[in-house]
>>> print(open('start_10.csv').read())   # CSV, C-alpha atoms
chain,number,residue,atom,x,y,z
A,284,MET,CA,-3.0,54.5,-100.2
A,285,SER,CA,-3.2,52.6,-103.5
A,286,SER,CA,-0.7,50.0,-102.3
A,287,GLN,CA,-2.8,49.4,-99.1
A,288,SER,CA,-6.0,49.1,-101.2
A,289,SER,CA,-4.3,46.7,-103.6
A,290,GLY,CA,-3.0,44.7,-100.6
A,291,LEU,CA,-6.5,44.4,-99.1
A,292,ARG,CA,-7.9,43.5,-102.5
A,293,HIS,CA,-5.3,40.8,-102.9
A,294,TRP,CA,-6.3,39.2,-99.5
A,295,ARG,CA,-10.0,39.5,-100.3
A,296,GLU,CA,-9.4,37.7,-103.6
A,297,ARG,CA,-7.4,35.0,-101.9
A,298,PHE,CA,-10.1,34.7,-99.2
A,299,SER,CA,-12.8,34.6,-101.9
A,300,ALA,CA,-10.8,32.0,-103.7
A,301,LEU,CA,-11.3,29.7,-100.8
A,302,PHE,CA,-15.0,29.7,-101.3
A,303,GLN,CA,-16.3,28.5,-104.7
A,304,ASP,CA,-19.8,27.5,-105.7
A,305,HIS,CA,-20.3,23.8,-105.6
A,306,GLU,CA,-22.9,21.7,-107.2
A,307,ILE,CA,-23.6,18.3,-105.8
A,308,PHE,CA,-25.7,15.6,-107.6
A,309,ILE,CA,-27.3,13.0,-105.4
A,310,ARG,CA,-28.8,9.9,-106.9
A,311,THR,CA,-31.1,7.8,-104.8
A,312,HIS,CA,-33.2,4.8,-106.1
A,313,GLY,CA,-32.9,6.1,-109.7
A,314,HIS,CA,-33.8,9.6,-108.8
A,315,VAL,CA,-31.3,12.4,-109.2
A,316,ARG,CA,-31.3,15.5,-107.0
A,317,PHE,CA,-29.3,18.6,-107.4
A,318,LEU,CA,-27.7,20.4,-104.4
A,319,ARG,CA,-26.0,23.7,-104.8
A,320,ILE,CA,-23.7,25.2,-102.1
A,321,SER,CA,-22.9,28.8,-102.9
A,322,ALA,CA,-19.8,30.6,-102.0
A,323,VAL,CA,-21.8,33.2,-100.1
A,324,TRP,CA,-23.3,30.5,-97.9
A,325,GLN,CA,-19.9,29.0,-97.2
A,326,LYS,CA,-18.6,32.4,-96.2
A,327,ARG,CA,-21.4,32.9,-93.8
A,328,VAL,CA,-20.9,29.5,-92.2
A,329,ALA,CA,-17.1,30.2,-91.9
A,330,LEU,CA,-17.8,33.6,-90.4
A,331,ILE,CA,-20.2,32.1,-87.8
A,332,ALA,CA,-17.7,29.4,-87.0
A,333,GLY,CA,-14.9,32.0,-86.7
A,334,LEU,CA,-17.1,34.1,-84.4
A,335,VAL,CA,-17.9,31.1,-82.2
A,336,LEU,CA,-14.2,30.1,-82.1
A,337,PHE,CA,-13.3,33.7,-81.2
A,338,ALA,CA,-15.9,33.8,-78.5
A,339,TRP,CA,-14.7,30.5,-77.0
A,340,ALA,CA,-11.1,31.8,-77.1
A,341,GLY,CA,-12.2,35.0,-75.4
A,342,VAL,CA,-14.0,33.1,-72.6
A,343,THR,CA,-11.1,30.7,-72.1
A,344,LEU,CA,-8.7,33.6,-71.9
A,345,ALA,CA,-10.9,35.4,-69.4
A,346,VAL,CA,-11.1,32.3,-67.2
A,347,PHE,CA,-7.4,31.9,-67.4
A,348,VAL,CA,-6.8,35.5,-66.5
A,349,ASN,CA,-9.3,35.3,-63.6
A,350,GLN,CA,-7.5,32.2,-62.3
A,351,LEU,CA,-4.3,34.1,-62.4
A,352,LEU,CA,-5.8,37.0,-60.6
A,353,THR,CA,-7.6,34.9,-57.9
A,354,SER,CA,-4.9,32.3,-57.2
A,355,GLY,CA,-3.4,34.5,-54.5
A,356,GLU,CA,-6.8,34.9,-52.9
A,357,ARG,CA,-7.5,31.2,-53.0
A,358,ALA,CA,-4.1,30.6,-51.4
A,359,GLU,CA,-4.9,33.1,-48.7
A,360,VAL,CA,-8.3,31.5,-48.1
A,361,ALA,CA,-6.7,28.0,-47.9
A,362,ALA,CA,-4.2,29.3,-45.4
A,363,LYS,CA,-7.0,30.9,-43.3
A,364,GLN,CA,-8.9,27.6,-43.4
A,365,ALA,CA,-5.8,25.7,-42.3
A,366,ALA,CA,-5.2,28.2,-39.5
A,367,THR,CA,-8.9,27.9,-38.4
A,368,ALA,CA,-8.6,24.1,-38.3
A,369,ALA,CA,-5.4,24.3,-36.3
A,370,SER,CA,-7.1,26.7,-33.9
A,371,GLU,CA,-10.1,24.4,-33.5
A,372,ALA,CA,-7.8,21.5,-32.8
A,373,ARG,CA,-6.0,23.5,-30.1
A,374,ILE,CA,-9.3,24.7,-28.6
A,375,ALA,CA,-10.5,21.1,-28.5
A,376,LYS,CA,-7.3,19.9,-26.9
A,377,TYR,CA,-7.5,22.8,-24.4
A,378,ARG,CA,-11.1,21.9,-23.5
A,379,ASP,CA,-10.2,18.3,-23.0
A,380,ARG,CA,-7.3,19.3,-20.8
A,381,VAL,CA,-9.5,21.6,-18.7
A,382,ALA,CA,-12.1,18.9,-18.4
A,383,GLU,CA,-9.5,16.4,-17.3
A,384,ILE,CA,-8.1,18.8,-14.8
A,385,ALA,CA,-11.5,19.5,-13.5
A,386,ALA,CA,-12.2,15.8,-13.1
A,387,ASP,CA,-8.9,15.3,-11.2
A,388,LEU,CA,-9.7,18.2,-8.9
A,389,ASP,CA,-13.2,17.0,-8.3
A,390,GLU,CA,-11.9,13.5,-7.5
A,391,ARG,CA,-9.2,14.8,-5.2
A,392,GLN,CA,-11.7,17.1,-3.4
A,393,GLY,CA,-13.9,14.0,-2.7
A,394,GLN,CA,-10.9,12.1,-1.4
A,395,LEU,CA,-9.8,15.0,0.9
A,396,GLU,CA,-13.4,15.4,2.2
A,397,GLU,CA,-13.6,11.6,2.9
A,398,TRP,CA,-10.3,11.6,4.8
A,399,LYS,CA,-11.3,14.6,6.8
A,400,LYS,CA,-14.7,13.1,7.7
A,401,ASP,CA,-13.2,9.6,8.4
A,402,TYR,CA,-10.4,10.7,10.7
A,403,PHE,CA,-11.6,14.0,12.2
A,404,GLY,CA,-15.4,13.8,11.8
A,405,ASP,CA,-17.1,17.2,12.2
A,406,GLU,CA,-14.4,18.5,14.6
A,407,PRO,CA,-12.3,21.4,13.2
A,408,LEU,CA,-8.7,20.7,12.3
A,409,PRO,CA,-6.0,21.9,14.8
A,410,THR,CA,-5.3,25.5,14.2
A,411,ASP,CA,-2.4,26.3,11.9
A,412,ALA,CA,-2.5,29.9,11.0
A,413,LYS,CA,-0.4,29.8,7.9
A,414,SER,CA,-2.1,26.8,6.2
A,415,ALA,CA,-5.6,27.7,7.5
A,416,ALA,CA,-5.3,31.2,6.1
A,417,ALA,CA,-4.2,29.8,2.7
A,418,ALA,CA,-7.0,27.2,2.7
A,419,ASP,CA,-9.7,29.7,3.7
A,420,ALA,CA,-8.6,32.7,1.6
A,421,PRO,CA,-11.2,33.7,-1.0
A,422,ALA,CA,-10.3,33.3,-4.6
A,423,ASP,CA,-9.1,36.7,-6.1
A,424,PRO,CA,-10.0,36.9,-9.9
A,425,ALA,CA,-7.3,39.5,-10.4
A,426,ALA,CA,-4.6,37.4,-8.7
A,427,LYS,CA,-1.5,36.4,-10.6
A,428,PRO,CA,-1.9,33.0,-12.3
A,429,LEU,CA,-0.5,30.3,-10.0
A,430,GLU,CA,2.1,27.9,-11.2
A,431,THR,CA,0.6,24.7,-9.7
A,432,SER,CA,1.5,21.1,-10.0
A,433,ALA,CA,-1.5,20.0,-12.1
A,434,ILE,CA,-2.1,23.0,-14.4
A,435,ASP,CA,0.3,24.4,-17.0
A,436,PRO,CA,0.6,28.2,-16.4
A,437,ARG,CA,0.7,28.7,-20.1
A,438,LEU,CA,-3.0,27.7,-20.5
A,439,PRO,CA,-5.4,30.5,-21.4
A,440,PRO,CA,-6.8,32.6,-18.5
A,441,GLU,CA,-10.0,30.5,-18.3
A,442,ALA,CA,-7.9,27.8,-16.6
A,443,GLN,CA,-6.7,30.1,-13.8
A,444,ALA,CA,-9.9,29.5,-11.8
A,445,LEU,CA,-9.0,25.9,-11.8
A,446,ALA,CA,-5.4,26.8,-10.8
A,447,ARG,CA,-6.7,28.8,-7.8
A,448,LEU,CA,-9.0,25.9,-6.8
A,449,GLU,CA,-6.0,23.6,-6.9
A,450,ALA,CA,-3.9,25.9,-4.9
A,451,ARG,CA,-6.6,26.0,-2.2
A,452,GLN,CA,-6.8,22.2,-2.2
A,453,GLU,CA,-3.0,22.1,-1.8
A,454,ALA,CA,-3.3,24.4,1.2
A,455,PHE,CA,-6.1,22.4,2.7
A,456,SER,CA,-4.2,19.2,2.1
A,457,ALA,CA,-1.1,20.7,3.8
A,458,HIS,CA,-3.3,21.7,6.7
A,459,LEU,CA,-4.8,18.2,7.0
A,460,LEU,CA,-1.3,16.7,6.7
A,461,ALA,CA,-0.1,18.8,9.7
A,462,ALA,CA,-3.1,17.7,11.7
A,463,VAL,CA,-2.4,14.0,10.8
A,464,LYS,CA,1.2,14.3,11.7
A,465,GLY,CA,0.3,15.9,15.1
A,466,ARG,CA,-2.0,13.0,15.9
A,467,ALA,CA,0.5,10.5,14.8
A,468,ALA,CA,3.2,12.1,16.9
A,469,LYS,CA,1.0,11.7,20.0
A,470,ALA,CA,0.3,8.1,19.2
A,471,GLU,CA,4.0,7.5,18.6
A,472,VAL,CA,5.0,8.9,22.0
A,473,ALA,CA,2.3,6.8,23.7
A,474,VAL,CA,3.3,3.6,21.9
A,475,ALA,CA,7.0,4.3,22.7
A,476,GLN,CA,6.1,4.8,26.4
A,477,LEU,CA,4.6,1.3,26.4
A,478,GLY,CA,7.9,-0.1,25.3
A,479,LEU,CA,7.0,-0.7,21.6
A,480,ASP,CA,9.0,0.5,18.6
A,481,PRO,CA,6.8,2.7,16.5
A,482,THR,CA,9.0,2.5,13.4
A,483,ALA,CA,9.1,-1.3,13.5
A,484,LEU,CA,5.3,-1.4,13.9
A,485,VAL,CA,4.7,0.8,10.8
A,486,ARG,CA,7.4,-1.2,8.8
A,487,ASN,CA,5.8,-4.5,9.7
A,488,ALA,CA,2.3,-3.2,8.8
A,489,ALA,CA,3.6,-1.9,5.4
A,490,ALA,CA,5.1,-5.3,4.6
A,491,GLY,CA,1.6,-6.8,4.1
A,492,ARG,CA,0.3,-4.7,1.2
A,493,GLY,CA,-0.2,-5.3,-2.5
A,494,GLY,CA,-2.8,-5.6,-5.3
A,495,PRO,CA,-3.0,-5.0,-9.0
A,496,PHE,CA,-1.5,-1.8,-10.4
A,497,ILE,CA,-4.3,0.5,-11.6
A,498,PRO,CA,-2.9,3.9,-12.7
A,499,PHE,CA,-4.7,6.9,-11.3
A,500,ARG,CA,-7.3,8.0,-13.9
A,501,GLY,CA,-5.5,5.7,-16.4
A,502,ARG,CA,-2.3,7.8,-16.5
A,503,PRO,CA,0.8,6.0,-15.3
A,504,GLY,CA,3.5,8.1,-13.7
A,505,GLN,CA,1.2,11.0,-13.0
A,506,ALA,CA,1.0,10.6,-9.2
A,507,ASP,CA,2.8,14.0,-8.8
A,508,ALA,CA,-0.1,15.7,-10.5
A,509,LEU,CA,-2.0,15.4,-7.2
A,510,GLY,CA,0.4,17.6,-5.4
A,511,LYS,CA,3.3,16.9,-3.1
A,512,SER,CA,1.3,17.5,0.1
A,513,PHE,CA,-1.5,15.3,-1.2
A,514,ALA,CA,0.9,12.5,-2.0
A,515,ALA,CA,2.5,12.8,1.4
A,516,LEU,CA,-0.9,12.7,3.1
A,517,GLU,CA,-1.6,9.1,2.2
A,518,GLY,CA,1.6,8.0,3.9
A,519,ALA,CA,1.0,10.1,7.0
A,520,LEU,CA,-2.5,8.7,7.3
A,521,PHE,CA,-1.2,5.1,7.0
A,522,ARG,CA,1.4,5.8,9.8
A,523,MET,CA,-1.2,7.4,12.0
A,524,GLU,CA,-3.7,4.6,11.6
A,525,VAL,CA,-1.1,1.9,12.3
A,526,LEU,CA,0.0,3.7,15.5
A,527,GLU,CA,-3.6,4.5,16.7
A,528,ARG,CA,-4.8,1.0,16.0
A,529,THR,CA,-1.9,-0.4,17.9
A,530,LEU,CA,-2.8,1.7,20.9
A,531,VAL,CA,-6.4,0.5,20.7
A,532,ALA,CA,-5.2,-3.1,20.4
A,533,ILE,CA,-2.9,-2.8,23.5
A,534,PRO,CA,-4.5,-4.7,26.4
A,535,SER,CA,-4.5,-2.1,29.1
A,536,GLY,CA,-7.8,-3.2,30.8
A,537,GLN,CA,-7.6,-5.4,33.9
A,538,PRO,CA,-8.3,-9.0,32.9
A,539,ALA,CA,-10.0,-9.7,36.3
A,540,HIS,CA,-11.3,-7.6,39.2
A,541,VAL,CA,-8.8,-8.9,41.8
A,542,LEU,CA,-6.3,-6.9,43.8
A,543,MET,CA,-3.4,-9.3,44.2
A,544,LEU,CA,-0.6,-10.4,41.9
A,545,SER,CA,0.9,-13.8,42.8
A,546,SER,CA,3.6,-14.0,40.1
A,547,SER,CA,5.2,-11.5,37.7
A,548,TYR,CA,6.7,-11.8,34.2
A,549,GLY,CA,10.2,-13.0,33.9
A,550,TYR,CA,12.5,-15.2,36.0
A,551,ARG,CA,10.9,-17.1,38.9
A,552,SER,CA,11.2,-20.4,40.8
A,553,ASP,CA,8.9,-23.0,39.4
A,554,PRO,CA,6.1,-23.7,41.9
A,555,PHE,CA,6.3,-27.4,41.4
A,556,THR,CA,10.0,-28.1,41.1
A,557,GLY,CA,11.6,-25.0,42.5
A,558,ALA,CA,13.9,-24.8,39.5
A,559,GLY,CA,14.6,-21.5,37.8
A,560,ALA,CA,12.0,-20.9,35.0
A,561,MET,CA,10.8,-18.3,32.7
A,562,HIS,CA,7.3,-17.0,33.4
A,563,ALA,CA,5.7,-15.6,30.2
A,564,GLY,CA,2.8,-13.7,31.9
A,565,LEU,CA,1.2,-12.4,35.1
A,566,ASP,CA,-0.7,-14.6,37.7
A,567,PHE,CA,-3.8,-13.1,39.3
A,568,PRO,CA,-5.2,-15.2,42.2
A,569,GLY,CA,-8.9,-15.1,42.9
A,570,PRO,CA,-12.0,-17.2,43.8
A,571,LEU,CA,-13.0,-20.0,41.5
A,572,GLY,CA,-15.4,-18.7,38.9
A,573,THR,CA,-14.3,-15.1,39.0
A,574,PRO,CA,-15.2,-13.4,35.7
A,575,ILE,CA,-12.3,-13.2,33.2
A,576,LEU,CA,-12.5,-10.0,31.1
A,577,ALA,CA,-11.0,-9.1,27.7
A,578,ALA,CA,-8.2,-6.6,28.2
A,579,ALA,CA,-8.9,-4.9,24.9
A,580,PRO,CA,-11.4,-5.3,22.0
A,581,GLY,CA,-10.7,-8.1,19.6
A,582,ARG,CA,-11.7,-11.4,18.1
A,583,VAL,CA,-11.6,-14.7,20.0
A,584,THR,CA,-9.3,-17.0,18.0
A,585,PHE,CA,-9.0,-20.0,20.4
A,586,VAL,CA,-11.1,-21.7,23.0
A,587,GLY,CA,-9.9,-25.0,24.3
A,588,GLN,CA,-7.0,-26.7,26.1
A,589,LYS,CA,-3.2,-26.2,25.8
A,590,SER,CA,-0.5,-28.3,27.4
A,591,GLY,CA,0.4,-26.8,30.8
A,592,TYR,CA,-2.1,-24.0,30.5
A,593,GLY,CA,-5.3,-26.0,31.0
A,594,ASN,CA,-8.3,-24.3,29.6
A,595,VAL,CA,-7.4,-21.3,27.5
A,596,VAL,CA,-9.0,-18.4,25.6
A,597,GLU,CA,-7.0,-16.4,23.2
A,598,VAL,CA,-8.1,-13.0,21.8
A,599,ASP,CA,-6.5,-11.4,18.7
A,600,HIS,CA,-6.5,-7.6,19.0
A,601,GLY,CA,-4.9,-6.9,15.6
A,602,GLN,CA,-1.6,-5.2,14.9
A,603,GLY,CA,0.1,-8.5,15.9
A,604,ILE,CA,-1.1,-8.3,19.5
A,605,LEU,CA,-2.7,-11.4,21.2
A,606,THR,CA,-3.8,-12.0,24.8
A,607,ARG,CA,-3.9,-15.4,26.4
A,608,TYR,CA,-6.1,-16.3,29.4
A,609,ALA,CA,-5.2,-19.7,31.0
A,610,HIS,CA,-6.1,-22.1,33.8
A,611,LEU,CA,-9.8,-21.3,33.3
A,612,SER,CA,-12.7,-23.2,34.9
A,613,GLY,CA,-15.1,-22.4,32.1
A,614,PHE,CA,-15.8,-20.5,28.9
A,615,THR,CA,-18.3,-17.7,28.1
A,616,SER,CA,-17.1,-16.9,24.6
A,617,ARG,CA,-16.6,-18.9,21.4
A,618,VAL,CA,-14.2,-18.8,18.5
A,619,GLY,CA,-14.9,-16.0,16.0
A,620,GLU,CA,-16.7,-13.8,18.5
A,621,GLN,CA,-16.0,-10.1,18.5
A,622,VAL,CA,-15.5,-9.0,22.1
A,623,ALA,CA,-15.3,-5.5,23.7
A,624,ALA,CA,-12.8,-4.4,26.3
A,625,GLY,CA,-14.1,-5.5,29.7
A,626,GLN,CA,-16.4,-8.1,28.3
A,627,GLN,CA,-16.4,-11.5,30.1
A,628,ILE,CA,-14.9,-14.3,28.1
A,629,ALA,CA,-14.3,-17.0,30.7
A,630,LYS,CA,-14.2,-18.0,34.4
A,631,MET,CA,-11.2,-18.2,36.7
A,632,GLY,CA,-10.1,-21.7,37.6
A,633,SER,CA,-7.1,-24.0,38.3
A,634,THR,CA,-6.9,-26.3,35.3
A,635,GLY,CA,-3.6,-27.4,33.8
A,636,ARG,CA,-0.3,-27.0,35.6
A,637,SER,CA,-1.7,-24.9,38.5
A,638,THR,CA,-1.4,-24.9,42.3
A,639,GLY,CA,-4.7,-23.0,42.9
A,640,SER,CA,-7.4,-20.9,41.4
A,641,HIS,CA,-5.9,-18.0,39.5
A,642,LEU,CA,-5.6,-16.4,36.0
A,643,HIS,CA,-2.4,-16.7,34.0
A,644,PHE,CA,-2.5,-13.7,31.6
A,645,GLU,CA,-0.1,-13.3,28.7
A,646,VAL,CA,0.4,-10.7,26.0
A,647,ARG,CA,2.1,-11.7,22.8
A,648,LEU,CA,3.4,-9.4,20.1
A,649,ASN,CA,3.9,-11.1,16.8
A,650,GLY,CA,4.0,-14.4,18.6
A,651,VAL,CA,6.6,-13.4,21.2
A,652,ALA,CA,5.6,-13.0,24.8
A,653,VAL,CA,6.1,-9.5,26.3
A,654,ASN,CA,5.7,-8.1,29.8
A,655,PRO,CA,2.0,-7.3,30.3
A,656,ARG,CA,2.7,-5.0,33.2
A,657,ARG,CA,3.8,-2.1,31.1
A,658,PHE,CA,0.4,-2.2,29.3
A,659,LEU,CA,-1.7,-2.7,32.4
A,660,GLU,CA,0.1,0.1,34.3
A,661,ALA,CA,0.1,2.6,31.5
A,662,LYS,CA,0.2,6.2,32.6
A,663,ALA,CA,-2.8,8.5,32.5
A,664,ASP,CA,-1.5,10.5,29.5
A,665,VAL,CA,-1.0,7.3,27.5
A,666,LEU,CA,-4.5,6.1,28.4
A,667,GLU,CA,-5.9,9.5,27.3
A,668,VAL,CA,-4.3,9.2,23.9
A,669,LYS,CA,-5.5,5.6,23.7
A,670,ALA,CA,-9.1,6.6,24.5
A,671,ASP,CA,-9.0,9.3,21.9
A,672,ALA,CA,-7.6,6.8,19.3
A,673,ARG,CA,-10.3,4.2,20.3
A,674,GLN,CA,-13.0,6.8,19.7
A,675,ARG,CA,-11.7,7.7,16.2
A,676,VAL,CA,-10.9,4.1,15.2
A,677,GLY,CA,-14.3,3.0,16.3
A,678,ALA,CA,-16.0,5.8,14.3
A,679,LEU,CA,-13.9,4.8,11.3
A,680,ALA,CA,-14.9,1.1,11.6
A,681,ALA,CA,-18.6,2.1,12.0
A,682,ALA,CA,-18.4,4.2,8.8
A,683,ALA,CA,-16.9,1.5,6.7
A,684,PRO,CA,-20.1,-0.6,6.2
A,685,ALA,CA,-22.0,2.6,5.2
A,686,ARG,CA,-19.3,3.4,2.6
A,687,ARG,CA,-19.4,-0.1,1.2
A,688,GLY,CA,-23.2,0.1,0.9
A,689,ALA,CA,-22.9,3.5,-0.9
A,690,ARG,CA,-20.6,2.0,-3.5
>>> encode(input="start_10.csv", output="structure tokens")
Amino acid sequence: MSSQSSGLRHWRERFSALFQDHEIFIRTHGHVRFLRISAVWQKRVALIAGLVLFAWAGVTLAVFVNQLLTSGERAEVAAKQAATAASEARIAKYRDRVAEIAADLDERQGQLEEWKKDYFGDEPLPTDAKSAAAADAPADPAAKPLETSAIDPRLPPEAQALARLEARQEAFSAHLLAAVKGRAAKAEVAVAQLGLDPTALVRNAAAGRGGPFIPFRGRPGQADALGKSFAALEGALFRMEVLERTLVAIPSGQPAHVLMLSSSYGYRSDPFTGAGAMHAGLDFPGPLGTPILAAAPGRVTFVGQKSGYGNVVEVDHGQGILTRYAHLSGFTSRVGEQVAAGQQIAKMGSTGRSTGSHLHFEVRLNGVAVNPRRFLEAKADVLEVKADARQRVGALAAAAPARRGAR
């Protein structure tokens, strides 16, 4: 105990030795002042400074310990914030994708409705039980998500409503495609019975297409997103329209109300020389001034004289089909005029290389003369298909100005 006391006394003495009384003399402008700093005051200041230093060290230590204890929590919070940001990015991307799909479906629905209205009007599509049932089936919210061509099946459940809508559109598109193919098949049979090659007609029509490349909704290479049946529908509609317009353009109406035929298409003896000659049309004899009628609707492209033909009127019916009316005594139409089937365009005469009043009637396909008889003597079933096509093509032509005005 005595050794401990002596040890404490020793340290107190050493501590006290650090603090001695100090006297400081300060002389200013001849005046001397005395300043005394006692050891007790020095000890008090040192004690206060030590307490302040101890408090600062304690606070610093507490902050350091707190940082050590909360670093894990901060790391966890940062990880949660990063996960939240990633989730928000995925949600934004998902919303953009859903909005994009909705826009695609809306645009496709508009196109399907326009095609249906243009080519079939208000009439119902031909019955096809399988496709019709799929197109008209109500959407079942509990149905299994559909793997469709435009929607990734891995999307959240909210997108499945769009998937079902797309599936119904695919079914309706397939139904419409079947109806278009049915009409095209009828037109193809009728065209073939008239001696024309349907495949060549479609191929020739397709050769005259073009224009700048504008990707669908700005996404090149995404045509398959519209669905296979939808993509095939455009090609089927083109084929059907070419064949039906060809039927409408075929000159099956009588070019003059006369009963006799004085010369057929093909080989004959020339009426002036008696030599063998090729006759490129049909001759219909009749009284001078007999009305000459357009054999099909079209546009008058020539009114005037041609060597050997005399006075001539030519009408372009589209699809490469042109009719020529020759040896006329007068004209009742002008170049550029749109004429209907059966409308008077001229008067029968005997101008040019002719032996008497008659009509020389030619049909030319892509500039080559073909036998008009097969068109004028078309069977009733062919004429029925043609009449049906004429009605639809006419409705389509009438709707075109309205669509342009709406745009």
>>> residues_near_point(input="start_10.csv", point="(-14.9, 30.2, -102.7)", cutoff="9 Å", atoms="only C-alpha atoms", output="number ranges by chain")
A: 297-305, 321-323, 325-326
>>> residues_around(input="start_10.csv", residues="Pro574 of chain A", least_positions_apart="4", cutoff="9 Å", atoms="only C-alpha atoms", output="ChimeraX atom specification")
/A:538-540,627-631
>>> residues_near_point(input="start_10.csv", point="(-10.6, -14.7, 23.1)", cutoff="8 Å", atoms="all atoms listed in the file", output="VMD selection string")
chain A and resid 577 581 to 586 596 to 599 606 to 608 616 to 618 620 622 628
>>> atom_distance(input="start_10.csv", atom1="atom CA of Ala623 of chain A", atom2="atom CA of Ala663 of chain A")
20.7 Å
>>> atom_distance(input="start_10.csv", atom1="atom CA of Asp389 of chain A", atom2="atom CA of Ala446 of chain A")
12.8 Å
>>> closest_residue(input="start_10.csv", among="A:Thr638, A:Gln394, A:Gln602, A:Gln537", to="Leu479 of chain A", atoms="all atoms listed in the file")
A:Gln602
>>> atom_distance(input="start_10.csv", atom1="atom CA of Ala624 of chain A", atom2="atom CA of Ser640 of chain A")
23.0 Å
>>> closest_residue(input="start_10.csv", among="A:Gly465, A:Gln452, A:Ala358, A:Asp480", to="Leu408 of chain A", atoms="all atoms listed in the file")
A:Gly465
>>> closest_atom_pairs(input="start_10.csv", of="segment 571-640 of chain A", to="segment 554-560 of chain A", cutoff="12 Å", atoms="only C-alpha atoms", output="JSON lines")
{"residue": "A:Arg636", "atom": "CA", "partner": "A:Phe555", "partner_atom": "CA", "distance": 8.8}
{"residue": "A:Ser637", "atom": "CA", "partner": "A:Pro554", "partner_atom": "CA", "distance": 8.6}
{"residue": "A:Thr638", "atom": "CA", "partner": "A:Pro554", "partner_atom": "CA", "distance": 7.6}
{"residue": "A:Gly639", "atom": "CA", "partner": "A:Pro554", "partner_atom": "CA", "distance": 10.9}
>>> residues_around(input="start_10.csv", residues="Leu565 of chain A", least_positions_apart="4", cutoff="6 Å", atoms="all atoms listed in the file", output="PyMOL selection string")
chain A and resi 546-548+643-644
>>> write_last_selection(input="start_10.csv", atoms="C-alpha atoms", output="mmCIF file, keeping the file's coordinate frame")
data_model
loop_
_atom_site.group_PDB
_atom_site.id
_atom_site.type_symbol
_atom_site.label_atom_id
_atom_site.label_comp_id
_atom_site.auth_asym_id
_atom_site.auth_seq_id
_atom_site.Cartn_x
_atom_site.Cartn_y
_atom_site.Cartn_z
ATOM 1 C CA SER A 546 3.600 -14.000 40.100
ATOM 2 C CA SER A 547 5.200 -11.500 37.700
ATOM 3 C CA TYR A 548 6.700 -11.800 34.200
ATOM 4 C CA HIS A 643 -2.400 -16.700 34.000
ATOM 5 C CA PHE A 644 -2.500 -13.700 31.600
#
>>> closest_residue(input="start_10.csv", among="A:Leu530, A:Leu330, A:Val315, A:Leu459", to="Pro407 of chain A", atoms="all atoms listed in the file")
A:Leu459
